[in-house]
Amino acid sequence: MKELLKTHQEWLLTAIALFLLGILAAFFVWGITGLAADFGKALVPKTDKGSALNFDLEGAKKLNLKGLVQ
């Protein structure tokens with residue numbers, strides 16, 4: 001085994017470097033496509049739901065806020 005490593009050391013190191021570069025490239029592509037999908041979800045508004053703004057105007061009129069500002 002040691003003799004094999006000594007004779008083919010350059011090929012072994014090249015194979016390991018290519019393997020690690022492949023893993024790095026795979027994570028890079030996975031991260032970019034994941035971020036692009038998240039940006040797509042964040043930028044596209046959801047129009048299937050209507051506006052559900054329920055302001056309680058009567059309750060707001062009953063609030064006593066005169067003492068807050070001095």
# chains A, B, ... in the order shown; residues from 1 in each chain; ligands from 1
$ select_by_dssp --residues "range 7-70 of chain A" --states "alpha helix (DSSP H)" --output "ChimeraX atom specification"
/A:7,9-43,57-62
$ decode --residues "range 26-37 of chain A" --atoms "all heavy atoms" --output "short mmCIF file (atom, residue, chain, number, x, y, z; two decimals), in the first residue's frame"
data_model
loop_
_atom_site.label_atom_id
_atom_site.label_comp_id
_atom_site.auth_asym_id
_atom_site.auth_seq_id
_atom_site.Cartn_x
_atom_site.Cartn_y
_atom_site.Cartn_z
N ALA A 26 -20.71 21.71 -6.00
CA ALA A 26 -22.08 21.25 -5.74
C ALA A 26 -22.74 22.09 -4.66
O ALA A 26 -23.90 22.48 -4.79
CB ALA A 26 -22.06 19.77 -5.34
N PHE A 27 -22.02 22.41 -3.59
CA PHE A 27 -22.59 23.25 -2.54
C PHE A 27 -22.83 24.67 -3.03
O PHE A 27 -23.81 25.31 -2.66
CB PHE A 27 -21.67 23.28 -1.30
CG PHE A 27 -21.92 22.15 -0.36
CD1 PHE A 27 -20.96 21.18 -0.17
CD2 PHE A 27 -23.10 22.05 0.34
CE1 PHE A 27 -21.17 20.13 0.69
CE2 PHE A 27 -23.33 21.01 1.21
CZ PHE A 27 -22.37 20.04 1.39
N PHE A 28 -21.96 25.16 -3.89
CA PHE A 28 -22.12 26.50 -4.45
C PHE A 28 -23.40 26.57 -5.29
O PHE A 28 -24.21 27.48 -5.14
CB PHE A 28 -20.90 26.87 -5.28
CG PHE A 28 -21.00 28.22 -5.92
CD1 PHE A 28 -20.84 29.38 -5.17
CD2 PHE A 28 -21.25 28.34 -7.27
CE1 PHE A 28 -20.94 30.62 -5.75
CE2 PHE A 28 -21.35 29.58 -7.87
CZ PHE A 28 -21.19 30.72 -7.11
N VAL A 29 -23.57 25.60 -6.18
CA VAL A 29 -24.76 25.58 -7.04
C VAL A 29 -26.01 25.39 -6.19
O VAL A 29 -27.03 26.05 -6.41
CB VAL A 29 -24.62 24.48 -8.11
CG1 VAL A 29 -25.93 24.26 -8.85
CG2 VAL A 29 -23.52 24.84 -9.08
N TRP A 30 -25.96 24.51 -5.21
CA TRP A 30 -27.10 24.28 -4.33
C TRP A 30 -27.45 25.55 -3.55
O TRP A 30 -28.61 25.91 -3.42
CB TRP A 30 -26.78 23.13 -3.37
CG TRP A 30 -27.81 22.90 -2.32
CD1 TRP A 30 -29.06 22.40 -2.49
CD2 TRP A 30 -27.67 23.18 -0.92
NE1 TRP A 30 -29.70 22.35 -1.28
CE2 TRP A 30 -28.88 22.82 -0.31
CE3 TRP A 30 -26.64 23.71 -0.14
CZ2 TRP A 30 -29.08 22.97 1.06
CZ3 TRP A 30 -26.85 23.85 1.20
CH2 TRP A 30 -28.05 23.48 1.79
N GLY A 31 -26.45 26.26 -3.07
CA GLY A 31 -26.70 27.49 -2.32
C GLY A 31 -27.26 28.59 -3.20
O GLY A 31 -28.18 29.31 -2.80
N ILE A 32 -26.74 28.75 -4.40
CA ILE A 32 -27.22 29.79 -5.30
C ILE A 32 -28.66 29.51 -5.72
O ILE A 32 -29.50 30.41 -5.71
CB ILE A 32 -26.30 29.91 -6.54
CG1 ILE A 32 -24.93 30.44 -6.11
CG2 ILE A 32 -26.90 30.80 -7.59
CD1 ILE A 32 -24.95 31.82 -5.51
N THR A 33 -28.96 28.27 -6.07
CA THR A 33 -30.33 27.96 -6.48
C THR A 33 -31.29 28.07 -5.30
O THR A 33 -32.43 28.49 -5.47
CB THR A 33 -30.42 26.56 -7.11
OG1 THR A 33 -29.90 25.60 -6.18
CG2 THR A 33 -29.67 26.49 -8.41
N GLY A 34 -30.83 27.72 -4.12
CA GLY A 34 -31.68 27.88 -2.93
C GLY A 34 -31.96 29.33 -2.63
O GLY A 34 -33.09 29.71 -2.31
N LEU A 35 -30.94 30.18 -2.74
CA LEU A 35 -31.14 31.60 -2.51
C LEU A 35 -32.04 32.22 -3.58
O LEU A 35 -32.89 33.06 -3.28
CB LEU A 35 -29.80 32.33 -2.48
CG LEU A 35 -28.96 32.13 -1.24
CD1 LEU A 35 -27.61 32.82 -1.41
CD2 LEU A 35 -29.66 32.68 -0.02
N ALA A 36 -31.87 31.80 -4.81
CA ALA A 36 -32.71 32.32 -5.89
C ALA A 36 -34.16 31.93 -5.66
O ALA A 36 -35.07 32.73 -5.89
CB ALA A 36 -32.22 31.82 -7.24
N ALA A 37 -34.40 30.73 -5.19
CA ALA A 37 -35.77 30.30 -4.92
C ALA A 37 -36.36 31.09 -3.75
O ALA A 37 -37.53 31.48 -3.78
CB ALA A 37 -35.80 28.81 -4.62
#
